[in-house]
>>> print(open('coords-v2.cif').read())   # mmCIF, C-alpha atoms
data_target
#
loop_
_atom_site.label_atom_id
_atom_site.label_comp_id
_atom_site.auth_asym_id
_atom_site.auth_seq_id
_atom_site.Cartn_x
_atom_site.Cartn_y
_atom_site.Cartn_z
CA MET A 1 -27.84 4.00 -8.53
CA LYS A 2 -30.63 6.49 -9.07
CA LYS A 3 -30.79 9.91 -10.70
CA ILE A 4 -32.17 13.18 -9.38
CA PRO A 5 -32.37 16.72 -10.78
CA ALA A 6 -30.06 19.35 -9.33
CA LYS A 7 -30.35 23.11 -8.99
CA THR A 8 -26.68 23.97 -8.50
CA ILE A 9 -23.33 22.20 -8.84
CA LEU A 10 -20.66 24.68 -7.78
CA SER A 11 -20.32 26.21 -4.33
CA GLY A 12 -19.56 29.88 -3.82
CA TYR A 13 -16.05 31.24 -4.35
CA LYS A 14 -13.47 30.83 -1.55
CA GLU A 15 -10.15 32.65 -1.59
CA HIS A 16 -8.11 29.90 0.07
CA GLY A 17 -9.81 26.51 0.15
CA TRP A 18 -8.23 23.13 0.77
CA PHE A 19 -5.25 22.51 -1.53
CA ASN A 20 -5.71 25.95 -3.09
CA SER A 21 -9.24 25.20 -4.27
CA ASN A 22 -11.76 27.99 -4.81
CA TYR A 23 -14.95 26.12 -5.65
CA ASN A 24 -16.42 22.78 -4.58
CA MET A 25 -18.28 20.46 -6.95
CA ASN A 26 -20.28 17.30 -6.24
CA LEU A 27 -21.66 15.46 -9.26
CA TYR A 28 -22.78 12.48 -7.19
CA LYS A 29 -24.24 11.94 -3.74
CA GLY A 30 -23.60 8.86 -1.64
CA CYS A 31 -20.85 6.28 -2.09
CA VAL A 32 -20.45 2.52 -2.48
CA HIS A 33 -16.89 2.16 -1.17
CA GLY A 34 -18.40 1.11 2.16
CA CYS A 35 -15.69 2.73 4.32
CA ILE A 36 -16.65 1.98 7.90
CA TYR A 37 -15.47 5.37 9.20
CA CYS A 38 -16.94 7.75 6.59
CA ASP A 39 -17.88 11.13 8.09
CA SER A 40 -20.40 11.73 5.31
CA ARG A 41 -22.74 9.28 7.06
CA SER A 42 -23.25 11.87 9.80
CA ASN A 43 -26.76 13.21 10.26
CA CYS A 44 -25.62 16.79 9.69
CA TYR A 45 -25.21 16.13 5.94
CA ASN A 46 -28.82 14.96 5.52
CA ILE A 47 -27.97 12.16 3.09
CA GLU A 48 -30.48 9.34 3.27
CA ASN A 49 -29.10 5.88 2.50
CA PHE A 50 -25.50 7.03 2.03
CA ASP A 51 -24.52 3.62 0.58
CA GLU A 52 -26.60 4.33 -2.53
CA VAL A 53 -25.03 6.45 -5.28
CA VAL A 54 -27.21 9.24 -6.61
CA LEU A 55 -26.28 11.00 -9.85
CA LYS A 56 -27.28 14.59 -10.44
CA GLU A 57 -28.68 13.96 -13.91
CA ASN A 58 -28.49 17.53 -15.23
CA ALA A 59 -25.10 18.22 -13.63
CA LEU A 60 -23.18 18.88 -16.84
CA GLU A 61 -25.66 21.42 -18.19
CA ILE A 62 -25.70 23.28 -14.87
CA LEU A 63 -21.90 23.17 -14.56
CA GLU A 64 -21.42 24.71 -18.00
CA LYS A 65 -24.00 27.39 -17.27
CA GLU A 66 -22.38 28.24 -13.92
CA LEU A 67 -18.83 28.35 -15.30
CA ARG A 68 -19.94 30.55 -18.17
CA ALA A 69 -21.39 33.01 -15.66
CA LYS A 70 -18.51 33.00 -13.14
CA LYS A 71 -16.41 36.16 -12.99
CA LYS A 72 -13.52 34.63 -11.01
CA LYS A 73 -11.42 31.84 -12.44
CA GLY A 74 -10.13 29.31 -9.96
CA ILE A 75 -9.61 25.70 -8.95
CA ILE A 76 -12.60 23.38 -8.60
CA MET A 77 -12.39 20.67 -5.96
CA THR A 78 -14.36 17.46 -6.24
CA GLY A 79 -14.47 14.43 -3.96
CA ALA A 80 -14.87 16.07 -0.57
CA MET A 81 -18.30 14.52 0.02
CA SER A 82 -18.68 11.76 -2.56
CA ASP A 83 -16.01 10.01 -4.61
CA PRO A 84 -16.22 11.28 -8.21
CA TYR A 85 -14.76 7.96 -9.38
CA ASN A 86 -17.32 5.55 -7.95
CA PRO A 87 -17.83 2.34 -10.00
CA PHE A 88 -20.80 3.82 -11.89
CA GLU A 89 -18.52 6.49 -13.33
CA LYS A 90 -17.01 3.83 -15.62
CA VAL A 91 -20.24 3.89 -17.62
CA GLU A 92 -21.77 7.29 -16.79
CA LYS A 93 -18.55 9.27 -17.46
CA VAL A 94 -20.06 12.34 -15.81
CA THR A 95 -16.80 13.23 -14.05
CA ARG A 96 -14.89 12.84 -17.31
CA GLU A 97 -17.32 15.11 -19.17
CA ALA A 98 -17.21 17.64 -16.32
CA LEU A 99 -13.42 17.76 -16.64
CA LYS A 100 -13.82 18.56 -20.34
CA ILE A 101 -16.08 21.50 -19.44
CA ILE A 102 -13.61 22.65 -16.80
CA ASP A 103 -10.88 22.54 -19.45
CA LYS A 104 -13.06 24.43 -21.92
CA TYR A 105 -13.56 27.33 -19.52
CA MET A 106 -9.91 27.35 -18.39
CA TYR A 107 -10.38 26.40 -14.74
CA GLY A 108 -8.14 24.21 -12.60
CA VAL A 109 -9.15 21.10 -10.71
CA SER A 110 -8.36 19.39 -7.40
CA ILE A 111 -9.56 15.80 -6.99
CA ILE A 112 -9.90 13.58 -3.92
CA THR A 113 -10.51 9.89 -4.61
CA LYS A 114 -9.89 6.34 -3.46
CA SER A 115 -10.18 4.96 -6.98
CA ASP A 116 -7.58 4.15 -9.62
CA LEU A 117 -10.26 4.98 -12.21
CA VAL A 118 -8.91 8.53 -12.08
CA THR A 119 -6.04 7.37 -14.33
CA ARG A 120 -8.56 6.92 -17.16
CA ASP A 121 -8.73 10.72 -17.38
CA ILE A 122 -5.01 11.49 -17.49
CA ASP A 123 -5.46 12.80 -21.02
CA ILE A 124 -7.92 15.50 -19.92
CA LEU A 125 -6.07 16.28 -16.69
CA SER A 126 -2.90 16.83 -18.72
CA LYS A 127 -4.79 19.24 -21.00
CA ILE A 128 -6.07 21.21 -18.01
CA ALA A 129 -2.51 21.32 -16.64
CA THR A 130 -1.40 23.31 -19.69
CA HIS A 131 -3.39 26.32 -18.49
CA SER A 132 -4.36 25.71 -14.85
CA SER A 133 -3.38 23.83 -11.71
CA VAL A 134 -4.24 20.12 -11.46
CA THR A 135 -4.02 18.24 -8.16
CA VAL A 136 -5.00 14.66 -7.37
CA ASN A 137 -5.07 13.44 -3.79
CA ILE A 138 -5.49 9.69 -3.37
CA THR A 139 -6.63 8.59 0.07
CA ILE A 140 -4.62 5.69 1.48
CA THR A 141 -5.13 4.78 5.13
CA THR A 142 -3.24 1.50 5.34
CA ALA A 143 -0.47 -0.26 3.45
CA ASN A 144 -1.95 -3.62 4.45
CA ASP A 145 -4.61 -4.74 1.98
CA GLU A 146 -6.03 -7.23 4.45
CA ILE A 147 -6.98 -4.27 6.67
CA THR A 148 -8.11 -2.30 3.62
CA LYS A 149 -10.67 -5.01 2.86
CA LYS A 150 -12.16 -4.54 6.33
CA ILE A 151 -12.22 -0.77 6.70
CA GLU A 152 -12.78 0.13 3.00
CA PRO A 153 -14.39 -3.09 1.75
CA PHE A 154 -15.56 -2.04 -1.72
CA ALA A 155 -12.86 0.50 -2.61
CA PRO A 156 -9.90 -0.42 -4.85
CA SER A 157 -7.02 -1.97 -2.92
CA SER A 158 -4.24 0.22 -1.58
CA LYS A 159 -1.92 -1.52 -4.04
CA ARG A 160 -4.05 -0.30 -6.96
CA ARG A 161 -4.10 3.21 -5.51
CA PHE A 162 -0.31 3.29 -5.28
CA GLU A 163 -0.15 2.11 -8.89
CA ALA A 164 -2.47 4.99 -9.83
CA ILE A 165 -0.09 7.46 -8.19
CA LYS A 166 2.76 6.03 -10.27
CA LYS A 167 0.73 6.56 -13.47
CA LEU A 168 -0.26 10.13 -12.51
CA SER A 169 3.19 11.33 -11.47
CA GLY A 170 5.33 12.98 -14.11
CA LYS A 171 2.31 14.19 -16.10
CA ASP A 172 2.38 17.84 -14.87
CA ILE A 173 -0.16 16.71 -12.28
CA ASN A 174 0.39 17.43 -8.58
CA VAL A 175 -0.24 14.12 -6.86
CA GLY A 176 -0.21 13.23 -3.19
CA VAL A 177 -1.51 10.87 -0.54
CA LEU A 178 -4.13 11.73 2.04
CA LEU A 179 -3.31 9.53 5.02
CA THR A 180 -6.55 10.11 6.83
CA PRO A 181 -8.38 9.09 8.90
CA THR A 182 -6.30 7.09 11.34
CA LEU A 183 -8.30 4.56 13.34
CA PRO A 184 -6.96 4.13 16.89
CA PHE A 185 -6.04 0.53 17.74
CA ILE A 186 -6.33 -0.48 14.06
CA ASN A 187 -3.98 1.40 11.70
CA ASP A 188 -2.24 3.77 14.14
CA THR A 189 1.14 2.02 14.06
CA LYS A 190 4.59 3.29 13.12
CA GLU A 191 4.94 0.40 10.70
CA ASN A 192 1.79 1.39 8.81
CA ILE A 193 2.62 5.11 8.72
CA THR A 194 6.20 4.68 7.54
CA SER A 195 5.24 2.01 4.98
CA ILE A 196 2.74 4.37 3.33
CA ILE A 197 5.34 7.15 3.13
CA LYS A 198 8.00 4.88 1.62
CA GLU A 199 5.60 3.48 -0.97
CA ALA A 200 4.26 6.95 -1.81
CA LYS A 201 7.78 8.20 -2.46
CA GLU A 202 8.64 5.20 -4.62
CA CYS A 203 5.51 5.81 -6.71
CA GLY A 204 6.33 9.48 -7.30
CA ALA A 205 3.93 11.23 -4.91
CA ASN A 206 4.80 14.84 -4.15
CA TRP A 207 3.49 14.68 -0.60
CA VAL A 208 1.79 12.68 2.14
CA TYR A 209 -0.63 14.70 4.23
CA THR A 210 -2.18 13.74 7.55
CA PHE A 211 -3.51 15.34 10.73
CA PRO A 212 -0.99 15.53 13.61
CA ASN A 213 -3.48 14.00 16.06
CA PHE A 214 -3.89 10.84 13.92
CA ALA A 215 -7.62 10.65 14.52
CA VAL A 216 -11.02 9.66 13.24
CA SER A 217 -14.08 11.86 13.69
CA LEU A 218 -17.20 10.25 15.13
CA ARG A 219 -20.62 11.82 15.52
CA GLU A 220 -24.28 10.86 15.42
CA ASN A 221 -25.22 8.04 13.05
CA GLN A 222 -21.64 7.69 11.82
CA ARG A 223 -20.56 6.48 15.28
CA ASP A 224 -23.28 3.81 15.41
CA TYR A 225 -22.34 2.46 12.00
CA PHE A 226 -18.64 2.48 12.86
CA TYR A 227 -19.19 0.61 16.11
CA GLU A 228 -21.35 -1.97 14.35
CA LYS A 229 -18.52 -2.66 11.90
CA LEU A 230 -15.93 -2.78 14.68
CA ASP A 231 -17.93 -5.59 16.29
CA GLU A 232 -18.02 -7.37 12.93
CA TYR A 233 -14.37 -7.02 11.89
CA PHE A 234 -12.43 -6.12 15.04
CA PRO A 235 -14.08 -7.79 18.08
CA GLY A 236 -13.25 -6.07 21.37
CA ILE A 237 -12.14 -2.76 19.83
CA LYS A 238 -15.49 -1.01 20.35
CA SER A 239 -15.19 -1.30 24.13
CA ARG A 240 -11.75 0.31 23.93
CA TYR A 241 -13.23 3.24 21.98
CA ILE A 242 -16.03 3.71 24.49
CA LYS A 243 -13.60 3.60 27.41
CA GLU A 244 -10.97 5.83 25.77
CA PHE A 245 -13.13 8.40 23.96
CA GLY A 246 -16.71 8.34 25.26
CA ASN A 247 -18.69 10.64 22.95
CA THR A 248 -15.70 12.74 21.87
CA TYR A 249 -15.91 14.05 18.30
CA TRP A 250 -12.19 13.65 17.56
CA CYS A 251 -10.91 10.21 18.57
CA SER A 252 -7.15 10.69 18.52
CA SER A 253 -4.60 7.92 18.69
CA PRO A 254 -3.09 7.51 22.18
CA ASN A 255 0.21 7.21 20.26
CA GLN A 256 -0.19 10.50 18.39
CA GLU A 257 3.06 12.10 19.62
CA ILE A 258 5.13 9.04 18.76
CA LEU A 259 3.40 8.70 15.40
CA TRP A 260 3.82 12.37 14.51
CA LYS A 261 7.56 12.21 15.17
CA ALA A 262 7.86 9.00 13.14
CA PHE A 263 5.77 10.55 10.37
CA LYS A 264 7.88 13.71 10.11
CA ASP A 265 11.16 11.80 10.36
CA GLU A 266 10.14 9.39 7.59
CA CYS A 267 8.91 12.21 5.32
CA ASN A 268 12.16 14.12 5.82
CA LYS A 269 14.19 10.96 5.25
CA ASN A 270 12.38 10.37 1.96
CA ASP A 271 12.38 14.05 0.97
CA ILE A 272 8.60 14.16 0.64
CA MET A 273 6.41 17.07 1.72
CA TYR A 274 3.93 16.85 4.59
CA ASP A 275 3.27 20.43 5.78
CA HIS A 276 0.09 21.88 4.27
CA SER A 277 1.49 25.39 3.77
CA GLN A 278 4.53 23.91 2.03
CA ILE A 279 2.29 21.79 -0.20
CA ASP A 280 0.17 24.83 -1.14
CA GLU A 281 3.28 26.84 -1.92
CA PHE A 282 4.60 24.00 -4.08
CA ILE A 283 1.34 23.84 -6.05
CA ILE A 284 1.33 27.60 -6.66
CA LYS A 285 5.02 27.85 -7.58
CA ARG A 286 4.84 24.85 -9.91
CA TYR A 287 1.85 26.31 -11.71
CA LYS A 288 3.50 29.72 -12.11
CA LYS A 289 6.73 28.13 -13.34
CA GLU A 290 4.87 26.08 -15.94
CA GLN A 291 3.00 29.17 -17.11
CA LEU A 292 6.25 31.13 -17.53
CA THR A 293 7.69 28.22 -19.52
CA LEU A 294 4.55 28.05 -21.66
CA PHE A 295 4.54 31.73 -22.55
#
>>> encode(input="coords-v2.cif", output="C-alpha cells")
Amino acid sequence: MKKIPAKTILSGYKEHGWFNSNYNMNLYKGCVHGCIYCDSRSNCYNIENFDEVVLKENALEILEKELRAKKKKGIIMTGAMSDPYNPFEKVEKVTREALKIIDKYMYGVSIITKSDLVTRDIDILSKIATHSSVTVNITITTANDEITKKIEPFAPSSKRRFEAIKKLSGKDINVGVLLTPTLPFINDTKENITSIIKEAKECGANWVYTFPNFAVSLRENQRDYFYEKLDEYFPGIKSRYIKEFGNTYWCSSPNQEILWKAFKDECNKNDIMYDHSQIDEFIIKRYKKEQLTLF
C-alpha cells in the first residue's frame, strides 16, 4: 500500500443516488480482493495498477472540512469504487475514523463491501443510526466458496460475509445482499441464486438486490484481465464468451428469464425484498419511524 495526498473526498450532492445516497466518498483507491470481473479495472477510471491499494493520507482532514462546509445533510455512500474495508483498514482505521466524523456532523452512511471487517464498526454505525440512516450492502455472488476462491480470490469467503450479515442485522442497520455481477456459464444457475436468497434470509438480511439481466460488464482492459483469469480457472469458458457476446458491454446470462423468475419466486417465498424502489421506500420509512420513536 502507498499513500498519496488528496484534494477532495466527497462528490457533489445528488438528490436520489443509489440506496438513497446523496454523496459519494472514496478514502482508498485500488483493491486487493483480486475479483476477476471488477469493473474498476476499466481504462475509463484511470487507475494505474488497480491491485495496489492507495490511501488518501489527508482524507480525514478533508472530510471534516467538507462536511463542516456542506449546507445539505444527507447520506454518504462509500465502496462504489474501492472497498473501504480492505485488509489494510485493520491497521489504518481510516474508514472507522471517517465514520466517527460522519456521526459528529449528523450525516447518514451507505456502505458497499465484500469484507466482514465492517462488523468491527457496529458500535459507530449504531450511533449514526440514532440520528441518520445506515445501510450496509454486502456483495455475495456465489454461495459456493470453492467458486468464491476463483472469482474473488483474496476477499473473505461468502460464509464469512453471511456471518457478517447476521451480526449486523437487528442493530437498527439496514442490511442487504448485492448479488452482482453474475458471470454467465459460471454462477448463473438457479441453485446458486436460490441458495444465496435462502441464506440471506436466514442471516437476517432485509433484501437481496440484483440486475434482471444477470450480467457482467466487460470493457477495455477489464475484459482482457477477465479472459486471462477464465483461461486460468475455467478452461474453455473464454471461447464461449467470445462466441456468445463478442465485444458487448453487458454480457447477460442466456438463462436470464429463467433466473429472474426463480429469483423473484424465491424472494417472495422467503418474504425478502428485491425491488429497488421497495428497498428505498423501506429505508426511508424505517428511518422516519425511528426518528418519531426517538423524539
>>> residues_near_point(input="coords-v2.cif", point="(-3.9, -3.0, 2.4)", cutoff="10 Å", atoms="all atoms listed in the file", output="list in words")
Ile140, Thr141, Thr142, Ala143, Asn144, Asp145, Glu146, Ile147, Thr148, Lys149, Lys150, Ile151, Glu152, Pro156, Ser157, Ser158, Lys159, Arg160, Asn192 and Ile196 of chain A
>>> write_last_selection(input="coords-v2.cif", atoms="C-alpha atoms", output="compact mmCIF listing (two decimals), keeping the file's coordinate frame")
# COMPACT_ATOMS: atom_id res chain seq x y z
CA ILE A 140 -4.62 5.69 1.48
CA THR A 141 -5.13 4.78 5.13
CA THR A 142 -3.24 1.50 5.34
CA ALA A 143 -0.47 -0.26 3.45
CA ASN A 144 -1.95 -3.62 4.45
CA ASP A 145 -4.61 -4.74 1.98
CA GLU A 146 -6.03 -7.23 4.45
CA ILE A 147 -6.98 -4.27 6.67
CA THR A 148 -8.11 -2.30 3.62
CA LYS A 149 -10.67 -5.01 2.86
CA LYS A 150 -12.16 -4.54 6.33
CA ILE A 151 -12.22 -0.77 6.70
CA GLU A 152 -12.78 0.13 3.00
CA PRO A 156 -9.90 -0.42 -4.85
CA SER A 157 -7.02 -1.97 -2.92
CA SER A 158 -4.24 0.22 -1.58
CA LYS A 159 -1.92 -1.52 -4.04
CA ARG A 160 -4.05 -0.30 -6.96
CA ASN A 192 1.79 1.39 8.81
CA ILE A 196 2.74 4.37 3.33
>>> residues_around(input="coords-v2.cif", residues="range 110-125 of chain A", least_positions_apart="6", cutoff="7 Å", atoms="all atoms listed in the file", output="MDAnalysis selection string")
chainID A and resid 21 75:80 83:85 96 99:100 134:139 155:156 160:161 164 167:168
>>> resolve_selection(input="coords-v2.cif", expression="the PyMOL selection byres ((chain A and resi 225-235) around 10)", output="list in words")
Cys35, Ile36, Tyr37, Cys38, Asp39, Arg41, Ser42, Ile147, Lys149, Lys150, Ile151, Phe185, Ile186, Leu218, Arg219, Glu220, Asn221, Gln222, Arg223, Asp224, Gly236, Ile237, Lys238, Ser239, Tyr241 and Ile242 of chain A
>>> resolve_selection(input="coords-v2.cif", expression="the PyMOL selection byres ((chain A and resi 189) around 10)", output="JSON list (two decimals) with C-alpha atoms, in the coordinates of the input")
[["chain", "number", "residue", "atom", "x", "y", "z"],
["A", 142, "THR", "CA", -3.24, 1.50, 5.34],
["A", 182, "THR", "CA", -6.30, 7.09, 11.34],
["A", 183, "LEU", "CA", -8.30, 4.56, 13.34],
["A", 184, "PRO", "CA", -6.96, 4.13, 16.89],
["A", 185, "PHE", "CA", -6.04, 0.53, 17.74],
["A", 186, "ILE", "CA", -6.33, -0.48, 14.06],
["A", 187, "ASN", "CA", -3.98, 1.40, 11.70],
["A", 188, "ASP", "CA", -2.24, 3.77, 14.14],
["A", 190, "LYS", "CA", 4.59, 3.29, 13.12],
["A", 191, "GLU", "CA", 4.94, 0.40, 10.70],
["A", 192, "ASN", "CA", 1.79, 1.39, 8.81],
["A", 193, "ILE", "CA", 2.62, 5.11, 8.72],
["A", 194, "THR", "CA", 6.20, 4.68, 7.54],
["A", 195, "SER", "CA", 5.24, 2.01, 4.98],
["A", 253, "SER", "CA", -4.60, 7.92, 18.69],
["A", 255, "ASN", "CA", 0.21, 7.21, 20.26],
["A", 256, "GLN", "CA", -0.19, 10.50, 18.39],
["A", 258, "ILE", "CA", 5.13, 9.04, 18.76],
["A", 259, "LEU", "CA", 3.40, 8.70, 15.40],
["A", 262, "ALA", "CA", 7.86, 9.00, 13.14]]
>>> resolve_selection(input="coords-v2.cif", expression="the PyMOL selection byres ((chain A and resi 11) around 12)", output="list in words")
Lys7, Thr8, Ile9, Leu10, Gly12, Tyr13, Lys14, Gly17, Ser21, Asn22, Tyr23, Asn24, Met25, Asn26, Leu27, Leu63, Glu66, Leu67, Lys70, Ile75, Ile76, Met77 and Thr78 of chain A
>>> atom_distance(input="coords-v2.cif", atom1="CA of Lys264 in chain A", atom2="CA of Ile279 in chain A")
14.2 Å
>>> atom_distance(input="coords-v2.cif", atom1="CA of Val32 in chain A", atom2="CA of Glu163 in chain A")
21.3 Å
>>> residues_near_point(input="coords-v2.cif", point="(-6.2, 10.6, 14.5)", cutoff="9 Å", atoms="only C-alpha atoms", output="PDB file with C-alpha atoms, in the frame of the given file")
ATOM      1  CA  THR A 180      -6.550  10.110   6.830  1.00  0.00           C
ATOM      2  CA  PRO A 181      -8.380   9.090   8.900  1.00  0.00           C
ATOM      3  CA  THR A 182      -6.300   7.090  11.340  1.00  0.00           C
ATOM      4  CA  LEU A 183      -8.300   4.560  13.340  1.00  0.00           C
ATOM      5  CA  PRO A 184      -6.960   4.130  16.890  1.00  0.00           C
ATOM      6  CA  ASP A 188      -2.240   3.770  14.140  1.00  0.00           C
ATOM      7  CA  THR A 210      -2.180  13.740   7.550  1.00  0.00           C
ATOM      8  CA  PHE A 211      -3.510  15.340  10.730  1.00  0.00           C
ATOM      9  CA  PRO A 212      -0.990  15.530  13.610  1.00  0.00           C
ATOM     10  CA  ASN A 213      -3.480  14.000  16.060  1.00  0.00           C
ATOM     11  CA  PHE A 214      -3.890  10.840  13.920  1.00  0.00           C
ATOM     12  CA  ALA A 215      -7.620  10.650  14.520  1.00  0.00           C
ATOM     13  CA  VAL A 216     -11.020   9.660  13.240  1.00  0.00           C
ATOM     14  CA  SER A 217     -14.080  11.860  13.690  1.00  0.00           C
ATOM     15  CA  TRP A 250     -12.190  13.650  17.560  1.00  0.00           C
ATOM     16  CA  CYS A 251     -10.910  10.210  18.570  1.00  0.00           C
ATOM     17  CA  SER A 252      -7.150  10.690  18.520  1.00  0.00           C
ATOM     18  CA  SER A 253      -4.600   7.920  18.690  1.00  0.00           C
ATOM     19  CA  PRO A 254      -3.090   7.510  22.180  1.00  0.00           C
ATOM     20  CA  GLN A 256      -0.190  10.500  18.390  1.00  0.00           C
TER      21      GLN A 256
END
>>> atom_distance(input="coords-v2.cif", atom1="CA of His33 in chain A", atom2="CA of Val53 in chain A")
10.1 Å
>>> build_atoms(input="coords-v2.cif", residues="range 147-155 of chain A", atoms="all heavy atoms", output="compact mmCIF listing (two decimals), in the frame of the given file")
# COMPACT_ATOMS: atom_id res chain seq x y z
N ILE A 147 -6.24 -5.26 5.87
CA ILE A 147 -6.98 -4.27 6.67
C ILE A 147 -7.86 -3.42 5.75
O ILE A 147 -8.99 -3.07 6.10
CB ILE A 147 -6.02 -3.40 7.49
CG1 ILE A 147 -5.25 -4.27 8.50
CG2 ILE A 147 -6.77 -2.28 8.22
CD1 ILE A 147 -4.25 -3.51 9.34
N THR A 148 -7.33 -3.08 4.57
CA THR A 148 -8.11 -2.30 3.62
C THR A 148 -9.45 -2.96 3.33
O THR A 148 -10.49 -2.30 3.27
CB THR A 148 -7.34 -2.14 2.29
OG1 THR A 148 -6.06 -1.58 2.53
CG2 THR A 148 -8.10 -1.22 1.33
N LYS A 149 -9.44 -4.28 3.16
CA LYS A 149 -10.67 -5.01 2.86
C LYS A 149 -11.71 -4.88 3.97
O LYS A 149 -12.91 -5.00 3.74
CB LYS A 149 -10.35 -6.49 2.63
CG LYS A 149 -9.60 -6.77 1.34
CD LYS A 149 -9.25 -8.26 1.25
CE LYS A 149 -8.40 -8.55 0.03
NZ LYS A 149 -8.00 -9.99 -0.03
N LYS A 150 -11.25 -4.65 5.20
CA LYS A 150 -12.16 -4.54 6.33
C LYS A 150 -12.67 -3.12 6.53
O LYS A 150 -13.85 -2.92 6.83
CB LYS A 150 -11.46 -5.03 7.61
CG LYS A 150 -11.13 -6.52 7.59
CD LYS A 150 -10.41 -6.93 8.87
CE LYS A 150 -10.09 -8.42 8.85
NZ LYS A 150 -9.38 -8.85 10.08
N ILE A 151 -11.80 -2.14 6.39
CA ILE A 151 -12.22 -0.77 6.70
C ILE A 151 -12.70 -0.01 5.46
O ILE A 151 -13.41 0.99 5.58
CB ILE A 151 -11.11 0.03 7.42
CG1 ILE A 151 -9.89 0.24 6.52
CG2 ILE A 151 -10.71 -0.67 8.71
CD1 ILE A 151 -8.82 1.12 7.17
N GLU A 152 -12.34 -0.48 4.26
CA GLU A 152 -12.78 0.13 3.00
C GLU A 152 -13.15 -1.00 2.03
O GLU A 152 -12.53 -1.16 0.98
CB GLU A 152 -11.65 1.01 2.42
CG GLU A 152 -11.23 2.13 3.34
CD GLU A 152 -9.82 2.64 3.08
OE1 GLU A 152 -9.08 2.03 2.28
OE2 GLU A 152 -9.44 3.65 3.71
N PRO A 153 -14.16 -1.79 2.39
CA PRO A 153 -14.39 -3.09 1.75
C PRO A 153 -14.62 -3.09 0.25
O PRO A 153 -14.28 -4.05 -0.43
CB PRO A 153 -15.60 -3.64 2.50
CG PRO A 153 -16.26 -2.46 3.12
CD PRO A 153 -15.15 -1.52 3.45
N PHE A 154 -15.22 -2.03 -0.30
CA PHE A 154 -15.56 -2.04 -1.72
C PHE A 154 -14.74 -1.03 -2.54
O PHE A 154 -15.01 -0.82 -3.72
CB PHE A 154 -17.06 -1.78 -1.91
CG PHE A 154 -17.91 -2.72 -1.11
CD1 PHE A 154 -18.75 -2.25 -0.11
CD2 PHE A 154 -17.85 -4.09 -1.32
CE1 PHE A 154 -19.53 -3.12 0.65
CE2 PHE A 154 -18.61 -4.98 -0.57
CZ PHE A 154 -19.45 -4.49 0.41
N ALA A 155 -13.76 -0.42 -1.90
CA ALA A 155 -12.86 0.50 -2.61
C ALA A 155 -11.72 -0.29 -3.24
O ALA A 155 -11.41 -1.41 -2.81
CB ALA A 155 -12.30 1.53 -1.63
